[in-house]
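Reproduced below: run-v6.cif, with mmCIF, C-alpha atoms.
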data_data
#
loop_
_atom_site.label_atom_id
_atom_site.label_comp_id
_atom_site.auth_asym_id
_atom_site.auth_seq_id
_atom_site.Cartn_x
_atom_site.Cartn_y
_atom_site.Cartn_z
CA MET N 1041 0.00 0.00 0.00
CA LEU N 1042 2.94 2.35 0.65
CA ALA N 1043 4.21 1.91 -2.94
CA LEU N 1044 0.73 2.59 -4.29
CA ALA N 1045 0.35 5.66 -2.07
CA ARG N 1046 3.62 7.04 -3.44
CA LYS N 1047 2.55 6.23 -7.00
CA CYS N 1048 -0.60 8.28 -6.38
CA SER N 1049 1.48 11.14 -4.92
CA ILE N 1050 0.12 10.95 -1.39
CA LYS N 1051 2.66 12.95 0.61
CA GLY N 1052 3.32 14.66 3.92
CA ASP N 1053 0.55 14.61 6.49
CA ASP N 1054 -1.79 12.93 4.02
CA LEU N 1055 0.64 10.01 3.75
CA LYS N 1056 0.89 9.74 7.55
CA ASN N 1057 -2.90 9.74 7.87
CA PHE N 1058 -3.27 7.28 5.02
CA LEU N 1059 -0.86 4.83 6.69
CA LYS N 1060 -2.69 5.27 10.00
CA ASP N 1061 -5.96 4.36 8.25
CA VAL N 1062 -4.32 1.31 6.66
CA GLY N 1063 -3.00 0.28 10.06
CA ARG N 1064 -6.47 0.66 11.54
CA LEU N 1065 -7.87 -1.62 8.84
CA PHE N 1066 -5.25 -4.26 9.70
CA SER N 1067 -6.11 -4.02 13.39
CA GLU N 1068 -9.80 -4.56 12.61
CA VAL N 1069 -9.40 -7.45 10.15
CA ARG N 1070 -11.54 -10.51 10.93
CA LEU N 1071 -9.91 -13.92 11.21
CA ASP N 1072 -12.28 -15.25 8.53
CA GLU N 1073 -11.78 -12.28 6.20
CA SER N 1074 -10.27 -13.15 2.83
CA PRO N 1075 -7.57 -10.94 1.23
CA PRO N 1076 -10.02 -9.78 -1.50
CA GLU N 1077 -12.45 -8.58 1.19
CA PHE N 1078 -9.66 -6.63 2.88
CA ALA N 1079 -8.57 -5.18 -0.48
CA ILE N 1080 -11.97 -3.55 -0.99
CA LYS N 1081 -11.45 -1.49 2.16
CA ALA N 1082 -7.77 -0.79 1.59
CA TYR N 1083 -8.09 0.39 -2.00
CA SER N 1084 -11.07 2.58 -1.17
CA LEU N 1085 -8.62 4.67 0.89
CA ILE N 1086 -6.68 5.55 -2.28
CA GLU N 1087 -9.78 7.14 -3.79
CA LYS N 1088 -10.59 8.83 -0.49
CA TYR N 1089 -7.18 10.52 -0.32
CA THR N 1090 -6.63 11.22 -4.03
CA GLY N 1091 -9.94 11.06 -5.88
CA ILE N 1092 -8.28 8.56 -8.25
CA LYS N 1093 -10.68 5.72 -9.07
CA ASP N 1094 -8.32 3.63 -11.20
CA PRO N 1095 -4.65 4.18 -10.25
CA TYR N 1096 -3.44 1.35 -12.51
CA ARG N 1097 -5.44 2.35 -15.60
CA GLU N 1098 -2.36 3.13 -17.73
CA GLU N 1099 -0.55 -0.02 -16.58
CA LYS N 1100 -3.62 -2.12 -17.39
CA LYS N 1101 -3.93 -0.62 -20.86
CA LYS N 1102 -0.20 -1.09 -21.53
CA SER N 1103 -0.29 -4.69 -20.30
CA ASN N 1104 -3.09 -5.51 -22.72
CA GLU N 1105 -1.35 -3.71 -25.57
CA LEU N 1106 1.92 -5.62 -24.99
CA ALA N 1107 0.08 -8.93 -24.75
CA LEU N 1108 -1.89 -8.19 -27.92
CA GLU N 1109 1.37 -7.53 -29.77
CA THR N 1110 2.27 -11.19 -29.18
CA TYR N 1111 -1.10 -12.49 -30.41
CA THR N 1112 0.18 -13.81 -33.76
CA GLN N 1113 3.25 -15.36 -32.13
CA VAL N 1114 1.17 -17.07 -29.43
CA LYS N 1115 -1.34 -18.41 -31.95
CA ALA N 1116 1.50 -19.81 -34.08
CA LYS N 1117 3.03 -21.52 -31.04
CA ILE N 1118 -0.33 -23.08 -30.18
CA VAL N 1119 -1.04 -24.29 -33.72
CA ALA N 1120 2.42 -25.81 -34.04
CA CYS N 1121 2.19 -28.00 -30.95
CA GLU N 1122 0.74 -31.51 -30.63
CA ASN N 1123 -2.12 -30.47 -28.34
CA PRO N 1124 -3.16 -26.87 -29.13
CA LEU N 1125 -5.87 -26.68 -26.48
CA LEU N 1126 -3.52 -27.82 -23.72
CA MET N 1127 -0.84 -25.37 -24.81
CA ALA N 1128 -3.39 -22.54 -24.83
CA LEU N 1129 -4.39 -23.58 -21.31
CA PHE N 1130 -0.76 -23.49 -20.10
CA ILE N 1131 -0.21 -20.06 -21.62
CA ALA N 1132 -3.40 -18.69 -20.05
CA ILE N 1133 -2.31 -19.86 -16.60
CA ALA N 1134 1.24 -18.59 -17.08
CA GLY N 1135 -0.27 -15.17 -17.85
CA ASN N 1136 -1.37 -15.00 -14.21
CA ILE N 1137 2.14 -13.83 -13.32
CA ILE N 1138 1.20 -10.28 -14.42
CA ASP N 1139 0.01 -9.02 -11.04
CA TYR N 1140 0.61 -5.58 -9.51
CA GLY N 1141 -1.06 -6.77 -6.33
CA VAL N 1142 1.99 -8.91 -5.61
CA ARG N 1143 4.78 -6.74 -7.04
CA TYR N 1144 4.53 -3.09 -7.99
CA ASP N 1145 7.64 -3.27 -10.20
CA VAL N 1146 6.28 -5.82 -12.67
CA ASP N 1147 8.17 -5.88 -15.98
CA VAL N 1148 5.24 -6.88 -18.18
CA LEU N 1149 7.35 -7.41 -21.32
CA GLU N 1150 9.77 -9.65 -19.43
CA GLU N 1151 6.89 -11.66 -17.98
CA ILE N 1152 5.24 -12.04 -21.39
CA ASN N 1153 8.50 -13.29 -22.91
CA ALA N 1154 8.71 -15.88 -20.12
CA ILE N 1155 5.13 -16.92 -20.90
CA LEU N 1156 6.01 -17.37 -24.58
CA ASP N 1157 8.91 -19.64 -23.64
CA ILE N 1158 6.71 -22.04 -21.68
CA GLU N 1159 6.68 -25.70 -22.67
CA THR N 1160 3.98 -28.14 -21.61
CA GLN N 1161 6.43 -30.74 -20.37
CA GLU N 1162 7.59 -28.30 -17.68
CA ILE N 1163 4.22 -28.30 -15.96
CA GLY N 1164 3.12 -31.86 -15.27
CA SER N 1165 2.52 -32.52 -11.56
CA VAL N 1166 -0.08 -33.62 -9.04
CA TYR N 1167 -1.10 -29.95 -8.92
CA PHE N 1168 -2.06 -29.88 -12.58
CA LYS N 1169 -5.24 -31.88 -13.15
CA GLU N 1170 -5.47 -31.41 -16.90
CA LYS N 1171 -7.08 -34.80 -17.60
CA GLU N 1172 -9.94 -34.20 -15.16
CA PHE N 1173 -10.33 -30.62 -16.36
CA LEU N 1174 -10.45 -31.54 -20.05
CA GLU N 1175 -13.00 -34.28 -19.34
CA LYS N 1176 -15.29 -31.77 -17.60
CA LEU N 1177 -14.67 -29.20 -20.32
CA THR N 1178 -15.65 -31.67 -23.03
CA LYS N 1179 -18.94 -32.50 -21.32
CA ALA N 1180 -19.93 -28.99 -20.25
CA LYS N 1181 -22.47 -27.09 -22.33
CA SER N 1182 -22.23 -23.86 -20.34
CA ILE N 1183 -19.01 -22.44 -18.91
CA LEU N 1184 -18.40 -19.53 -16.53
CA TYR N 1185 -14.84 -18.21 -16.86
CA ILE N 1186 -13.90 -15.76 -14.08
CA ALA N 1187 -11.08 -13.52 -15.28
CA ASP N 1188 -8.33 -11.86 -13.27
CA ASN N 1189 -5.59 -9.48 -14.43
CA CYS N 1190 -5.07 -7.31 -17.48
CA GLY N 1191 -2.43 -8.61 -19.88
CA GLU N 1192 -3.34 -12.06 -18.66
CA ILE N 1193 -6.86 -11.58 -20.04
CA VAL N 1194 -5.45 -11.51 -23.59
CA PHE N 1195 -4.14 -15.05 -23.07
CA ASP N 1196 -7.51 -16.00 -21.56
CA LYS N 1197 -9.12 -14.79 -24.78
CA ILE N 1198 -6.77 -16.95 -26.83
CA PHE N 1199 -7.59 -19.97 -24.66
CA ILE N 1200 -11.32 -19.33 -25.06
CA GLU N 1201 -10.83 -19.08 -28.82
CA GLU N 1202 -9.18 -22.51 -28.75
CA ILE N 1203 -12.06 -23.93 -26.70
CA LEU N 1204 -14.57 -22.57 -29.22
CA ALA N 1205 -12.49 -23.82 -32.15
CA LYS N 1206 -12.62 -27.36 -30.76
CA PHE N 1207 -16.12 -27.12 -29.22
CA PRO N 1208 -18.08 -24.47 -31.16
CA ASP N 1209 -21.31 -25.31 -29.35
CA LYS N 1210 -20.02 -24.21 -25.92
CA ASN N 1211 -21.86 -21.32 -24.26
CA ILE N 1212 -19.11 -19.31 -22.54
CA THR N 1213 -19.61 -16.39 -20.16
CA VAL N 1214 -16.62 -14.40 -18.89
CA ALA N 1215 -16.94 -12.46 -15.62
CA VAL N 1216 -14.70 -9.47 -14.90
CA ARG N 1217 -14.53 -7.09 -11.93
CA SER N 1218 -17.33 -4.55 -11.66
CA GLY N 1219 -14.91 -1.70 -10.98
CA PRO N 1220 -11.16 -0.90 -10.86
CA ILE N 1221 -9.13 -2.81 -8.29
CA ILE N 1222 -5.33 -3.24 -8.62
CA ASN N 1223 -4.65 -4.32 -12.26
CA ASP N 1224 -7.67 -6.62 -12.51
CA ALA N 1225 -9.69 -6.53 -15.72
CA THR N 1226 -13.00 -4.67 -15.84
CA GLU N 1227 -15.58 -4.51 -18.61
CA ILE N 1228 -13.64 -1.60 -20.14
CA GLU N 1229 -10.46 -3.64 -20.64
CA ALA N 1230 -12.39 -6.75 -21.72
CA LYS N 1231 -14.01 -4.76 -24.53
CA GLU N 1232 -10.70 -3.10 -25.46
CA ILE N 1233 -9.26 -6.51 -26.36
CA GLY N 1234 -12.46 -7.64 -28.11
CA LEU N 1235 -13.40 -10.31 -25.60
CA ASP N 1236 -17.07 -9.37 -25.97
CA LYS N 1237 -16.86 -10.26 -29.67
CA ILE N 1238 -16.34 -13.97 -28.96
CA CYS N 1239 -18.38 -14.58 -25.78
CA ARG N 1240 -20.75 -13.00 -23.28
CA VAL N 1241 -19.08 -10.65 -20.78
CA ILE N 1242 -20.62 -9.83 -17.39
CA THR N 1243 -19.29 -8.35 -14.15
CA THR N 1244 -19.10 -9.93 -10.72
CA GLY N 1245 -21.05 -7.05 -9.21
CA ILE N 1246 -18.26 -6.25 -6.75
CA GLN N 1247 -15.09 -4.19 -6.91
CA ALA N 1248 -12.80 -6.78 -5.38
CA PRO N 1249 -9.78 -8.81 -6.57
CA GLY N 1250 -11.70 -12.05 -6.05
CA VAL N 1251 -15.32 -13.19 -6.07
CA ILE N 1252 -17.02 -12.83 -2.69
CA LEU N 1253 -20.22 -14.74 -3.39
CA ASP N 1254 -22.48 -13.15 -0.78
CA MET N 1255 -21.65 -9.74 -2.28
CA ALA N 1256 -21.93 -10.75 -5.95
CA SER N 1257 -24.66 -9.59 -8.33
CA GLU N 1258 -27.73 -11.66 -9.13
CA GLU N 1259 -26.54 -11.97 -12.73
CA PHE N 1260 -23.20 -13.38 -11.65
CA SER N 1261 -24.69 -15.69 -9.01
CA GLU N 1262 -27.06 -17.17 -11.57
CA ALA N 1263 -24.19 -17.85 -13.95
CA TYR N 1264 -22.09 -19.30 -11.13
CA TYR N 1265 -24.66 -21.80 -9.88
CA LYS N 1266 -26.22 -22.72 -13.24
CA SER N 1267 -23.10 -23.18 -15.38
CA ASP N 1268 -21.93 -26.74 -15.96
CA LEU N 1269 -18.30 -25.74 -15.44
CA VAL N 1270 -16.75 -22.87 -13.48
CA ILE N 1271 -13.18 -21.79 -14.23
CA ALA N 1272 -11.60 -19.20 -11.91
CA LYS N 1273 -8.36 -17.45 -12.80
CA GLY N 1274 -5.97 -16.03 -10.26
CA GLN N 1275 -4.89 -16.40 -6.66
CA GLY N 1276 -7.44 -13.83 -5.45
CA ASN N 1277 -10.33 -15.93 -6.75
CA PHE N 1278 -8.83 -19.00 -5.07
CA GLU N 1279 -8.52 -17.12 -1.76
CA ALA N 1280 -12.14 -15.98 -1.94
CA MET N 1281 -13.78 -19.08 -3.46
CA SER N 1282 -11.92 -22.17 -2.28
CA GLU N 1283 -14.80 -23.19 0.02
CA THR N 1284 -17.98 -22.11 -1.77
CA GLY N 1285 -19.89 -25.37 -2.03
CA ARG N 1286 -19.52 -26.30 -5.68
CA GLU N 1287 -16.73 -27.59 -7.86
CA VAL N 1288 -14.50 -24.88 -9.31
CA PHE N 1289 -11.35 -25.33 -11.39
CA PHE N 1290 -8.74 -22.79 -10.29
CA LEU N 1291 -6.04 -21.76 -12.75
CA PHE N 1292 -3.26 -19.66 -11.24
CA ILE N 1293 0.31 -19.30 -10.04
CA ALA N 1294 1.03 -19.62 -6.32
CA LYS N 1295 2.49 -16.21 -5.47
CA CYS N 1296 2.77 -16.15 -1.69
CA GLU N 1297 3.82 -18.48 1.12
CA VAL N 1298 0.37 -18.65 2.71
CA VAL N 1299 -1.34 -19.96 -0.43
CA ALA N 1300 1.61 -22.20 -1.30
CA ASP N 1301 1.44 -23.72 2.20
CA VAL N 1302 -2.31 -24.34 1.91
CA ILE N 1303 -1.80 -26.19 -1.37
CA ASN N 1304 1.56 -27.66 -0.25
CA CYS N 1305 3.37 -26.54 -3.39
CA PRO N 1306 6.39 -24.33 -4.12
CA ILE N 1307 5.93 -20.59 -4.65
CA GLY N 1308 5.79 -19.88 -8.38
CA HIS N 1309 4.15 -23.20 -9.20
CA ILE N 1310 1.67 -23.26 -12.09
CA LEU N 1311 -1.59 -24.75 -10.84
CA LEU N 1312 -4.75 -26.32 -12.22
CA ILE N 1313 -6.67 -27.66 -9.24
CA ASN N 1314 -10.31 -28.28 -8.39
CA THR N 1315 -12.14 -28.06 -5.10
CA ASN N 1316 -15.69 -27.85 -3.75
CA LYS N 1317 -16.94 -31.15 -5.14
#

Let me see the file written as structure tokens.
Amino acid sequence: MLALARKCSIKGDDLKNFLKDVGRLFSEVRLDESPPEFAIKAYSLIEKYTGIKDPYREEKKKSNELALETYTQVKAKIVACENPLLMALFIAIAGNIIDYGVRYDVDVLEEINAILDIETQEIGSVYFKEKEFLEKLTKAKSILYIADNCGEIVFDKIFIEEILAKFPDKNITVAVRSGPIINDATEIEAKEIGLDKICRVITTGIQAPGVILDMASEEFSEAYYKSDLVIAKGQGNFEAMSETGREVFFLFIAKCEVVADVINCPIGHILLINTNK
């Protein structure tokens, strides 16, 4: 929060008061409160002190632009491999590394180049349930795909294109955040990359870096409970939805010790896991 405050030019007494307010939030946090719930309160302070509603707007736009520049290269890599759908899946998960909520100094171009270098044989593990996922994907008629970060969402789009190329009858809905929070994608960024041209786009109804179901909109809740398959991108969605009462496939990279310990995997591990059966 200190780095973000400095980015937004909060200085002097305002900075002292801002940090006091952040400290107060930490002192009041509930033991059962998920990080996305806390983020709603913390990021609202930025707007309170600066009037800035979307402090990462330029970074989000640039992340999408850089990712879109690799579109042809990514598509060629996917087409050239033995299992295009699986490669598109790997690339979509690898895109989860683009996260200003974890590191403010993200080098998006460097991260994208690392994503392009990914090979499927690097990923196989007990934490990557691709066989079970692909079986459910094949059978599902309706799919809810909950997006996460900008930049990453371009690779989500490519993955969705591969799903529709193989299964053109799938009814896919993508959910994005209802308002700016960190570098997460909103409806604005989803439309900027043309995601709405290939599938239905809705919002979660909440301005949080993860879906908090009891705060979500009726539209989102209906899609969540009625879809045959739910796919959730990102660590924030895992933190908020890992015990919600239905099966969800989580696609993300473990970025902190707490989550890595819960899953019992190394930090930085690429994950495709399901819970809530």

Picked residues, the PyMOL selection byres ((chain N and resi 1184-1197) around 6), expected as a ChimeraX atom specification: /N:1100,1103-1104,1107,1132,1135-1136,1183,1198-1200,1213-1216,1223-1225,1270-1274

Proximity to His1309 (chain N) - best of N:Ser1282, N:Asn1057, N:Gln1275, N:Thr1112, all atoms listed in the file: N:Gln1275

Radius query 8 Å about (-2.3, -21.1, -16.3), atoms used: all atoms listed in the file, as a list of chain:residue names: N:Leu1129, N:Phe1130, N:Ile1131, N:Ala1132, N:Ile1133, N:Ala1134, N:Gly1135, N:Asn1136, N:Lys1273, N:Leu1291, N:Phe1292, N:Ile1293, N:Ile1310, N:Leu1311, N:Leu1312

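Coordinates place CA of Gly1219 (chain N) at a distance of 8.3 Å from CA of Gly1245 (chain N).
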
Residues within 12 Å of Leu1059 (chain N), only C-alpha atoms, excluding chain neighbours under 3 positions, as a list of chain:residue names: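 Counting only C-alpha atoms, the residues come to N:Met1041, N:Leu1042, N:Ala1043, N:Leu1044, N:Ala1045, N:Arg1046, N:Ile1050, N:Lys1051, N:Gly1052, N:Asp1053, N:Asp1054, N:Leu1055, N:Lys1056, N:Val1062, N:Gly1063, N:Arg1064, N:Leu1065, N:Phe1066, N:Ala1082, N:Leu1085, N:Ile1086, N:Tyr1089.
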
Using only C-alpha atoms: which of N:Asp1301, N:Glu1073, N:Glu1098, N:Asp1209 has the shortest distance to Ala1180 (chain N): N:Asp1209

Separation of CA of Ala1128 (chain N) from CA of Glu1170 (chain N), in Å and rounded to one decimal: 12.1 Å

Point-to-point distance from CA of Lys1060 (chain N) to CA of Lys1047 (chain N), Å rounded to tenths: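 Computed distance, CA of Lys1060 (chain N) to CA of Lys1047 (chain N), equals 17.8 Å.
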
Near-Lys1206 (chain N) list (10 Å; only C-alpha atoms; drop same-chain fewer than 3 positions) as JSON, numbers by chain: {"N": [1124, 1125, 1178, 1200, 1201, 1202, 1203, 1209, 1210]}

Draw an axis-aligned box tight on the listed atoms of region 1262-1267 of chain N, then pad every side by 4 Å and write out centre and edge lengths in Å to one decimal as JSON.
{"center_x": -24.6, "center_y": -20.2, "center_z": -12.6, "size_x": 13.0, "size_y": 14.0, "size_z": 13.5}

Within-12 Å shell of (-12.3, -3.0, -25.4) in input frame, only C-alpha atoms, as a ChimeraX atom specification: /N:1100-1101,1104-1105,1108,1190,1193-1194,1225-1237,1241

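If only C-alpha atoms are the atoms counted, then among N:Asn1304, N:Val1119, N:Ala1294, N:Ile1092 the closest residue to Ala1205 (chain N) is N:Val1119.
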
Quick one: which residues end up in the PyMOL selection byres ((chain N and resi 1280) around 8) for this structure, as a compact mmCIF listing (two decimals) with C-alpha atoms, in the coordinates of the input?
# COMPACT_ATOMS: atom_id res chain seq x y z
CA SER N 1074 -10.27 -13.15 2.83
CA PRO N 1075 -7.57 -10.94 1.23
CA PRO N 1076 -10.02 -9.78 -1.50
CA GLY N 1250 -11.70 -12.05 -6.05
CA VAL N 1251 -15.32 -13.19 -6.07
CA ILE N 1252 -17.02 -12.83 -2.69
CA GLY N 1276 -7.44 -13.83 -5.45
CA ASN N 1277 -10.33 -15.93 -6.75
CA PHE N 1278 -8.83 -19.00 -5.07
CA GLU N 1279 -8.52 -17.12 -1.76
CA MET N 1281 -13.78 -19.08 -3.46
CA SER N 1282 -11.92 -22.17 -2.28
CA GLU N 1283 -14.80 -23.19 0.02

Residue members of the PyMOL selection byres ((chain N and resi 1313) around 6) in the file shown, as a list in words: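 Applied to this file, the PyMOL selection byres ((chain N and resi 1313) around 6) selects Lys1169, Phe1289, Phe1290, Leu1312 and Asn1314 of chain N.
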
12 Å contact set for Lys1266 (chain N), only C-alpha atoms, chain neighbours under 3 positions out, as a PyMOL selection string: chain N and resi 1180-1184+1211+1213+1258-1263+1269-1270+1286-1287

Selected residues written out, C-alpha atoms, as a CSV table (one decimal), in the coordinates of the input:
chain,number,residue,atom,x,y,z
N,1180,ALA,CA,-19.9,-29.0,-20.2
N,1181,LYS,CA,-22.5,-27.1,-22.3
N,1182,SER,CA,-22.2,-23.9,-20.3
N,1183,ILE,CA,-19.0,-22.4,-18.9
N,1184,LEU,CA,-18.4,-19.5,-16.5
N,1211,ASN,CA,-21.9,-21.3,-24.3
N,1213,THR,CA,-19.6,-16.4,-20.2
N,1258,GLU,CA,-27.7,-11.7,-9.1
N,1259,GLU,CA,-26.5,-12.0,-12.7
N,1260,PHE,CA,-23.2,-13.4,-11.6
N,1261,SER,CA,-24.7,-15.7,-9.0
N,1262,GLU,CA,-27.1,-17.2,-11.6
N,1263,ALA,CA,-24.2,-17.8,-14.0
N,1269,LEU,CA,-18.3,-25.7,-15.4
N,1270,VAL,CA,-16.8,-22.9,-13.5
N,1286,ARG,CA,-19.5,-26.3,-5.7
N,1287,GLU,CA,-16.7,-27.6,-7.9
